[in-house]
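*Asks:* Please find one structure pasted underneath; my questions will follow.
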4 protein chains.
Amino acid sequence: MTATTGRKLRAGIVGGGRGAFIGAVHRIAAQIDGEAELVAGALSSDPATARESAAAWHLPRAYESYAQMARRERELDDGIDFVIVATPNHLHVPVSRAFLEAGIHVICDKPLAVSVAEAEQLASLAAKSPALFALTHNYSGYPLVREARERVRAGALGELRKALVEYNQDWLMAPLERDHNKQAEWRTDPARAGAGGSIGDIGTHAAHLLEFISGRRIESLCADLTTFVPGRRLDDDANMLLRLEGGAKGTLVCSQVACGEENNLAIRLYGTAGGLEWHQQEPNTLIFKPAGGGPWQMLRTGRSGLSEIAAGSTRTPPGHPEGYLEAFGNVYRSFIADVRRVSEGKAAVRDYPTADDGVRGLRFVEAAVRSSTRGAAWEAI
Amino acid sequence: MTATTGRKLRAGIVGGGRGAFIGAVHRIAAQIDGEAELVAGALSSDPATARESAAAWHLPRAYESYAQMARRERELDDGIDFVIVATPNHLHVPVSRAFLEAGIHVICDKPLAVSVAEAEQLASLAAKSPALFALTHNYSGYPLVREARERVRAGALGELRKALVEYNQDWLMAPLERDHNKQAEWRTDPARAGAGGSIGDIGTHAAHLLEFISGRRIESLCADLTTFVPGRRLDDDANMLLRLEGGAKGTLVCSQVACGEENNLAIRLYGTAGGLEWHQQEPNTLIFKPAGGGPWQMLRTGRSGLSEIAAGSTRTPPGHPEGYLEAFGNVYRSFIADVRRVSEGKAAVRDYPTADDGVRGLRFVEAAVRSSTRGAAWEAI
Amino acid sequence: MTATTGRKLRAGIVGGGRGAFIGAVHRIAAQIDGEAELVAGALSSDPATARESAAAWHLPRAYESYAQMARRERELDDGIDFVIVATPNHLHVPVSRAFLEAGIHVICDKPLAVSVAEAEQLASLAAKSPALFALTHNYSGYPLVREARERVRAGALGELRKALVEYNQDWLMAPLERDHNKQAEWRTDPARAGAGGSIGDIGTHAAHLLEFISGRRIESLCADLTTFVPGRRLDDDANMLLRLEGGAKGTLVCSQVACGEENNLAIRLYGTAGGLEWHQQEPNTLIFKPAGGGPWQMLRTGRSGLSEIAAGSTRTPPGHPEGYLEAFGNVYRSFIADVRRVSEGKAAVRDYPTADDGVRGLRFVEAAVRSSTRGAAWEAI
Amino acid sequence: MTATTGRKLRAGIVGGGRGAFIGAVHRIAAQIDGEAELVAGALSSDPATARESAAAWHLPRAYESYAQMARRERELDDGIDFVIVATPNHLHVPVSRAFLEAGIHVICDKPLAVSVAEAEQLASLAAKSPALFALTHNYSGYPLVREARERVRAGALGELRKALVEYNQDWLMAPLERDHNKQAEWRTDPARAGAGGSIGDIGTHAAHLLEFISGRRIESLCADLTTFVPGRRLDDDANMLLRLEGGAKGTLVCSQVACGEENNLAIRLYGTAGGLEWHQQEPNTLIFKPAGGGPWQMLRTGRSGLSEIAAGSTRTPPGHPEGYLEAFGNVYRSFIADVRRVSEGKAAVRDYPTADDGVRGLRFVEAAVRSSTRGAAWEAI
């Protein structure tokens, strides 16, 4: 790992070429603070698409395969400092492994893998590797999500009793996977997506958000998974009962056929001293509900009175709404700062989701599938 | 039953004296349209309170017991046309029976009884009685709740897939029942409230609202009931998975310890053609979410384009917010119209919740208790 | 004036028969608390309509003219205690005068009169009369409007700097007055409505609300009045600059052609220590905005922490939305309590809008008309 | 001007160093699409700050003055393609002139100048220059602001009658300019800010937004400007009556002392066929209010049914909230596309605010000052 002081980090990306959605998001998020620059990519498994996509993004170095890219970049004097893994799920682990083994830091999209077993292998590798590994549970980058966590940590809710979390959207109401929609194709294909459909794609986000903010793990769940669209091979809807460490109860609901919903990720927590509510569709407001009947408080991104970490997660003063890309960029900001630390011989801080979160996500998926198969029986995660 | 043409109906009330909450609500709702007048009451089991409460309400006739009231009123030339039952749950059936047997119409608060068995007995009696019986599932009186039902009936949602309903409040966060709060005392006492705590008091409202709007019955449920406040004898929180007739799935959540919530009764339905969302805290807005990505529509109480029944459920033009009392009054309006019909020898229409809804509510309660006892196993309703 | 202890007050109403809007509102508001009963009416200048309307409302005594009603009721042993004046504007003063002179208390719709001169005569008469006079600036009855006033009085805003008030609606976008709409006909007729169209009908509400909450009088204004609908004889839209006592500035905007608005009466006040915001369309929320960047507070009807007067202006616990009719009923509640006081020989409290507010409303109207005529020149009120 | 095909554009920036606010915004906005790269800067008039700021941003080339930068960059083979002017207002014109004269494209913050005269000189120069000139009225970059304009153009409002626009914030409630706050110092200094305080800093945004969306120019205004904070040398609050081309009327309100407001830029338009409402604080929703009483429609960023320009102004699918930086980036996107066009010999499209908008903004400021000085007399713009 080369010195990084006084320069932008160099980044590469695997996946995310033309027709992809999340690639462009990673590209913007990685570069938004001007601390990293995308210089290499293996953007598609199709060579022509890979070349054209690299040109469209002005990437100096385009590769035809991630393996080639890992090999070559490790040998370059100005090789990449880190790689972004933005492929379909089934490639997350192989690609991540290739770069970790090349000593290149990795930031990977979620879910981490297509099975718990595969996720654990990667986590084990990541634990031993000198290279860093981050998982983009991007919603944890929202300033007010971080504020929520800080408030919970500080005891603002007292003892947690109830947790309601959901992620409802509608983009898979129709069988898009039969209509050459690349996004839909791999997300509904068990071989590429893993055992979870909606629960893997968005349920894992909801579960992560809940554990991230509440600081409590989901201990067990009762899941009722459904495939509403005929012919679809994975669930597109789920309803779950949850039990959390420490005695709180709740529900997790997700759907990709919830008519009219965009990305309605929302969380409500209720404790003995207070409640919190946050909606991703209006992410610059966090509602705090004190016990005792006092008025709800509308916390806003960037306003005074927020915690240091929330205040440090904005790029503008209050009144300038920030959104999804900035939140995604906050995960990158933390990761990039850690890459710099490591390159300067300092200890990593790892204040971003890691491979362990990824293992946990897969355990959530597999527990939900087991529970649903057994008639919504309680399953431990 | 005497002729009612050209005059206000005469009403009596049992329960609802000083210290009660729901009595005043019934009094206002019954009289809001000027079609009925409260003239008699057995307002408390304590004679002094009964007398004082009757005087405070300017009631010409105060009784010391409901039995006395039923006996006397049937004999008067200007006796009451109907009675309002606003007692704790365990008296609903005995009081209702006394008046039905006296040939006096009954409008009773919910839940109907303290057990399915007791509810069924009353329903059986009501079915045979010439007197009418109404149950005040009052939320069904909101104009936009009625609009929602009409739209579902008309196919606006297509095939229902997902239903999320909740009723969260926080007034029982503290053990008020140990602090001489009359409302809390009987609501947390199995002998007076029945087998359900929060699920009986508010869960039944949520279940009724769901079935009322969707037109689909809850077939089975997995319930996880909790008593969070130490020493409390009934549940104060519940999370449930639902399966509905026709294949829809969903959740029902209720709580009386959800910090910061007032009466957050809310429903969201998602079908193949559209979605609907309504919140009791802002009851004059109903959101319709069309399939295909078009804009959400904000329907408002009294605005043009509503169904006949919704339009006929308001007392003012659009722009004049109506609330809980008006909605409650709409149930009375339908009931009073039916009393007039019957007194004129016409057939009853029964366009309000009845004893059958009451039986269904108790089945819901008992199914939830059974399911929870058995570890959230599926139970049919 | 007869004794009123231990009985409901007896009320009469002038105007408000079939085809009217505000009559039914007064009827419900007057009776909502069960403290008054409508027993007499001169509901229409058309005898048949008057009779039929009275029968529809179950009124024991129907009159063909208000003059007859005033004469007869004063002579009855059980004559009315007060009269409701719900006629078009031009009759407010003559009708009110007739009853005041008969020694009968009067509660009258706004605006008080069709001119300042007429309003002042009535105010003068009211001041000398033993009978009480109330003006239904009904929006002052909302619990949270009263809370807002209390907070301003208690210094929550510090020194007021800016005031923005508006009342926008759209029901007169089309020339309904040419289409036999009774409401539109008299409201756009200078002979019956007075010099102001939208400014008289709704602008006076906005002006009253501003002065009521802020405790500051509008000293002067620059008004730009417009008649957008061709052929209409009065303004249907107005924009004004305001200067208030004490140095605050602001705007008042009203319109009856603001496409898509129902009754969007809203106010925002900004001071050195805090801000307040309230919207009539969602009247159960009041937003307080503290200085210093702290979170907005969402005050809710009936929640703890409200002032005594706001708390005393609700009929239900928190979580039961109240609306327009309840707010209207709060003005009646105060007025009725005063009628009882006076009948018991106590001093009147007059905690409701009076003839003086009515005079002020007409001065507002005439100042706006003068200013607009002179090219939006500053005019003192 | 050199060829730009197949590479990122090279950008420089003047102003925006440490302690500035808007510099970082321009940096992110310019680079967000990966189509431009910041390579040079004259970031501060203080040499040490300039050097340190350039290093912090990883700029290869740091200059001590903008004049030096303009001279040098024009001579470099890989000199900048365009310059960002992010200085206090009084330097906008001198800096812009220097670069335009060097043949370098300019994108400049608003307001364009400190006087109409100065603005007109720059506009005249820009008109003759082969180099492009853009003004960052950034709110016009929001997808739904563009959607609003398209809908107005398509006739969705019919004939415009009423326009209400406002920009209220509170950050200058205290005399920060006496407390070494750089942002406050120059913004309240007539020599550096121009004749307008709040009207120049934010009122011009409101005026531009109104004209941008409505397609109607403000013809004349009555302004009441106030300086509420003692000792401040420019207005910190303004209320105005507006008259627009075509007969519409309205108000423009702005304030920097509106307690509790962040950047509450909001607009409402009312026509004969529809109404529109948009709030910058929740920028991903646009409300359309059809005539005839039908339901309001909630348009959302990225949802289907939007115009081509709105759809093309997002970087993510619906459900991923975008904010201020993305909107700012959209102005850059249009400008950068034009720079590429010009470098390829094509005609400029100029689909972004230009120097002419800047002249108009200064005319607005000076008209408001004149009107206020003359007692809120009507002044033409």
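Residues are referred to by chain and number: the chain letter is A, B, ... according to the order shown in the structure tokens, the number counts from 1 in that chain, and ligands are numbered separately from 1 in the order shown.
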Give me the chain C side of the contact with chain B, cut-off 7 Å, one line per residue showing its nearest atom pair and distance in Å at one decimal, counting only C-alpha atoms, sorted by chain and residue number, as CSV.
*Replies:*
residue,atom,partner,partner_atom,distance
C:Gly6,CA,B:His58,CA,6.7
C:Arg7,CA,B:His58,CA,5.8
C:Lys8,CA,B:His58,CA,6.7
C:Ile28,CA,B:Ile32,CA,6.0
C:Ile32,CA,B:Ile28,CA,6.0
C:Asp33,CA,B:Ile28,CA,6.8
C:Gly34,CA,B:Trp57,CA,6.9
C:Trp57,CA,B:Gly34,CA,6.9
C:His58,CA,B:Arg7,CA,5.8
C:Glu262,CA,B:Gly319,CA,4.5
C:Asn263,CA,B:Gly319,CA,4.6
C:Gln281,CA,B:Pro321,CA,6.2
C:Glu282,CA,B:Glu282,CA,6.9
C:Pro318,CA,B:Glu262,CA,6.1
C:Gly319,CA,B:Glu262,CA,4.5
C:His320,CA,B:Tyr324,CA,5.4
C:Pro321,CA,B:Gly323,CA,4.8
C:Glu322,CA,B:Gly323,CA,4.7
C:Gly323,CA,B:Glu322,CA,4.8
C:Tyr324,CA,B:His320,CA,5.4
*Asks:* Name the residues of stretch 66-109 of chain B that fall into strand (DSSP E) according to DSSP on the backbone, using the chain letters and numbers of this document, as a list of chain:residue names.
*Replies:*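 Residues meeting the strand (DSSP E) criterion: B:Phe82, B:Val83, B:Ile84, B:Val85, B:His105, B:Val106, B:Ile107, B:Cys108.
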*Asks:* Just all heavy atoms for this one: save the residues we selected as a PDB file, in the first residue's frame.
*Replies:*
ATOM      1  N   PHE B  82     -84.015   4.877  22.206  1.00  0.00           N
ATOM      2  CA  PHE B  82     -82.822   4.011  22.189  1.00  0.00           C
ATOM      3  C   PHE B  82     -81.955   4.322  23.389  1.00  0.00           C
ATOM      4  O   PHE B  82     -82.066   5.383  24.007  1.00  0.00           O
ATOM      5  CB  PHE B  82     -82.039   4.133  20.876  1.00  0.00           C
ATOM      6  CG  PHE B  82     -81.351   5.461  20.647  1.00  0.00           C
ATOM      7  CD1 PHE B  82     -80.058   5.701  21.130  1.00  0.00           C
ATOM      8  CD2 PHE B  82     -81.974   6.475  19.919  1.00  0.00           C
ATOM      9  CE1 PHE B  82     -79.416   6.908  20.886  1.00  0.00           C
ATOM     10  CE2 PHE B  82     -81.336   7.687  19.681  1.00  0.00           C
ATOM     11  CZ  PHE B  82     -80.068   7.913  20.170  1.00  0.00           C
ATOM     12  N   VAL B  83     -81.112   3.336  23.696  1.00  0.00           N
ATOM     13  CA  VAL B  83     -80.185   3.526  24.805  1.00  0.00           C
ATOM     14  C   VAL B  83     -78.751   3.421  24.304  1.00  0.00           C
ATOM     15  O   VAL B  83     -78.464   2.674  23.361  1.00  0.00           O
ATOM     16  CB  VAL B  83     -80.420   2.481  25.918  1.00  0.00           C
ATOM     17  CG1 VAL B  83     -79.944   1.091  25.468  1.00  0.00           C
ATOM     18  CG2 VAL B  83     -79.712   2.881  27.218  1.00  0.00           C
ATOM     19  N   ILE B  84     -77.907   4.214  24.936  1.00  0.00           N
ATOM     20  CA  ILE B  84     -76.464   4.194  24.653  1.00  0.00           C
ATOM     21  C   ILE B  84     -75.783   3.416  25.766  1.00  0.00           C
ATOM     22  O   ILE B  84     -75.966   3.746  26.947  1.00  0.00           O
ATOM     23  CB  ILE B  84     -75.917   5.638  24.628  1.00  0.00           C
ATOM     24  CG1 ILE B  84     -76.605   6.451  23.532  1.00  0.00           C
ATOM     25  CG2 ILE B  84     -74.408   5.634  24.480  1.00  0.00           C
ATOM     26  CD1 ILE B  84     -76.449   7.971  23.698  1.00  0.00           C
ATOM     27  N   VAL B  85     -75.006   2.412  25.424  1.00  0.00           N
ATOM     28  CA  VAL B  85     -74.283   1.644  26.435  1.00  0.00           C
ATOM     29  C   VAL B  85     -72.818   2.080  26.427  1.00  0.00           C
ATOM     30  O   VAL B  85     -72.080   1.808  25.474  1.00  0.00           O
ATOM     31  CB  VAL B  85     -74.407   0.130  26.188  1.00  0.00           C
ATOM     32  CG1 VAL B  85     -73.732  -0.651  27.316  1.00  0.00           C
ATOM     33  CG2 VAL B  85     -75.869  -0.263  26.059  1.00  0.00           C
ATOM     34  N   HIS B 105     -84.162   0.048  21.380  1.00  0.00           N
ATOM     35  CA  HIS B 105     -82.977  -0.060  20.515  1.00  0.00           C
ATOM     36  C   HIS B 105     -81.720   0.231  21.319  1.00  0.00           C
ATOM     37  O   HIS B 105     -81.722   1.053  22.242  1.00  0.00           O
ATOM     38  CB  HIS B 105     -83.071   0.928  19.354  1.00  0.00           C
ATOM     39  CG  HIS B 105     -84.324   0.797  18.542  1.00  0.00           C
ATOM     40  ND1 HIS B 105     -84.619  -0.322  17.794  1.00  0.00           N
ATOM     41  CD2 HIS B 105     -85.371   1.649  18.368  1.00  0.00           C
ATOM     42  CE1 HIS B 105     -85.784  -0.150  17.188  1.00  0.00           C
ATOM     43  NE2 HIS B 105     -86.270   1.040  17.523  1.00  0.00           N
ATOM     44  N   VAL B 106     -80.632  -0.405  20.905  1.00  0.00           N
ATOM     45  CA  VAL B 106     -79.373  -0.286  21.649  1.00  0.00           C
ATOM     46  C   VAL B 106     -78.242   0.123  20.719  1.00  0.00           C
ATOM     47  O   VAL B 106     -78.094  -0.421  19.624  1.00  0.00           O
ATOM     48  CB  VAL B 106     -79.011  -1.629  22.318  1.00  0.00           C
ATOM     49  CG1 VAL B 106     -77.635  -1.553  22.987  1.00  0.00           C
ATOM     50  CG2 VAL B 106     -80.082  -2.025  23.344  1.00  0.00           C
ATOM     51  N   ILE B 107     -77.457   1.068  21.187  1.00  0.00           N
ATOM     52  CA  ILE B 107     -76.187   1.382  20.515  1.00  0.00           C
ATOM     53  C   ILE B 107     -75.118   1.278  21.587  1.00  0.00           C
ATOM     54  O   ILE B 107     -75.178   1.946  22.624  1.00  0.00           O
ATOM     55  CB  ILE B 107     -76.234   2.747  19.790  1.00  0.00           C
ATOM     56  CG1 ILE B 107     -74.927   2.982  19.028  1.00  0.00           C
ATOM     57  CG2 ILE B 107     -76.572   3.892  20.723  1.00  0.00           C
ATOM     58  CD1 ILE B 107     -75.008   4.104  17.984  1.00  0.00           C
ATOM     59  N   CYS B 108     -74.145   0.408  21.361  1.00  0.00           N
ATOM     60  CA  CYS B 108     -73.240  -0.032  22.413  1.00  0.00           C
ATOM     61  C   CYS B 108     -71.795   0.210  22.021  1.00  0.00           C
ATOM     62  O   CYS B 108     -71.415   0.046  20.859  1.00  0.00           O
ATOM     63  CB  CYS B 108     -73.467  -1.537  22.633  1.00  0.00           C
ATOM     64  SG  CYS B 108     -72.399  -2.272  23.872  1.00  0.00           S
TER      65      CYS B 108
END
*Asks:* For the atom pair atom CA of D:Asp224 and atom CA of D:Gly246, what is the interatomic distance in Å to one decimal place?
*Replies:*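 Separating atom CA of D:Asp224 from atom CA of D:Gly246 is a distance of 23.8 Å.
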*Asks:* Quick one: distance from atom CA of A:Val93 to atom CA of A:Ala134 in Å, one decimal?
*Replies:*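 Taking atom CA of A:Val93 as the start and atom CA of A:Ala134 as the end point, the length is 12.5 Å.
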*Asks:* Please provide the set of residues having any atom within 12 Å of C:Glu308, restricted to only C-alpha atoms, with same-chain residues fewer than 2 positions apart removed, written as a CSV table (one decimal) with C-alpha atoms, in the first residue's frame.
*Replies:*
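Output file out_25.csv follows:
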chain,number,residue,atom,x,y,z
C,143,PRO,CA,-57.6,25.2,20.9
C,144,LEU,CA,-54.2,25.8,19.3
C,146,ARG,CA,-55.8,30.0,21.8
C,147,GLU,CA,-52.6,28.3,22.8
C,149,ARG,CA,-52.1,33.6,21.8
C,150,GLU,CA,-51.2,32.4,25.3
C,151,ARG,CA,-47.6,31.7,24.2
C,302,GLY,CA,-55.0,18.2,24.0
C,303,ARG,CA,-51.5,17.1,24.7
C,304,SER,CA,-49.9,18.0,28.0
C,305,GLY,CA,-48.0,21.2,28.4
C,306,LEU,CA,-50.7,23.4,26.9
C,310,ALA,CA,-56.2,25.6,25.3
C,311,ALA,CA,-56.6,22.5,27.4
C,312,GLY,CA,-60.1,23.7,28.4
C,313,SER,CA,-61.1,24.2,24.8
C,314,THR,CA,-61.1,20.5,23.9
*Asks:* Residues within 12 Å of A:Glu211, please, as a VMD selection string. Count only C-alpha atoms; anything in the same chain fewer than 2 positions from it doesn't count.
*Replies:* chain A and resid 137 140 145 148 to 149 152 163 to 165 204 to 209 213 to 219 242 to 245 248 252 267 269 353 357 360 to 361 364
*Asks:* I need the helix (DSSP H, G or I) residues of stretch 195-270 of chain D per DSSP on the backbone, written as a PyMOL selection string.
*Replies:* chain D and resi 198-214+245-247
*Asks:* List the neighbours of A:Glu379 out to 6 Å using only C-alpha atoms; skip same-chain residues closer than 6 positions along the sequence, and give me the result as a VMD selection string.
*Replies:* chain A and resid 220 to 221 367 371
*Asks:* Export, as a PDB file, in the first residue's frame, the selected residues with N, CA, C and O atoms.
*Replies:*
ATOM      1  N   SER A 220     -34.519 -13.144  17.052  1.00  0.00           N
ATOM      2  CA  SER A 220     -35.285 -14.163  16.345  1.00  0.00           C
ATOM      3  C   SER A 220     -36.416 -13.503  15.582  1.00  0.00           C
ATOM      4  O   SER A 220     -36.770 -12.338  15.840  1.00  0.00           O
ATOM      5  N   LEU A 221     -36.965 -14.259  14.650  1.00  0.00           N
ATOM      6  CA  LEU A 221     -38.013 -13.699  13.799  1.00  0.00           C
ATOM      7  C   LEU A 221     -38.987 -14.783  13.363  1.00  0.00           C
ATOM      8  O   LEU A 221     -38.652 -15.963  13.319  1.00  0.00           O
ATOM      9  N   ALA A 367     -32.492 -17.026   7.865  1.00  0.00           N
ATOM     10  CA  ALA A 367     -33.449 -17.260   8.954  1.00  0.00           C
ATOM     11  C   ALA A 367     -34.869 -16.969   8.482  1.00  0.00           C
ATOM     12  O   ALA A 367     -35.815 -17.688   8.809  1.00  0.00           O
ATOM     13  N   SER A 371     -37.784 -19.685   8.432  1.00  0.00           N
ATOM     14  CA  SER A 371     -39.002 -19.445   9.200  1.00  0.00           C
ATOM     15  C   SER A 371     -40.232 -19.551   8.311  1.00  0.00           C
ATOM     16  O   SER A 371     -41.214 -20.208   8.653  1.00  0.00           O
TER      17      SER A 371
END
*Asks:* Do a neighbour search on C:Arg363 at 8 Å with only C-alpha atoms, toss out local chain neighbours closer than 4 positions, and write the hits as a PyMOL selection string.
*Replies:* chain C and resi 116+359+367+381
*Asks:* Need to verify the contact set: B:Gly15, 7 Å, only C-alpha atoms, exclusion of same-chain residues closer than 3 positions in sequence. Can you return it as a compact mmCIF listing (two decimals) with C-alpha atoms, in the first residue's frame?
*Replies:*
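What landed in part-v4.txt:
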# COMPACT_ATOMS: atom_id res chain seq x y z
CA GLY B 23 -69.72 9.02 27.82
CA ALA B 42 -78.05 5.64 34.60
CA LEU B 43 -74.73 7.34 34.57
CA SER B 44 -72.94 5.61 37.37
CA VAL B 85 -74.28 1.64 26.44
CA ALA B 86 -71.09 3.37 27.54
CA THR B 87 -70.00 1.19 30.43
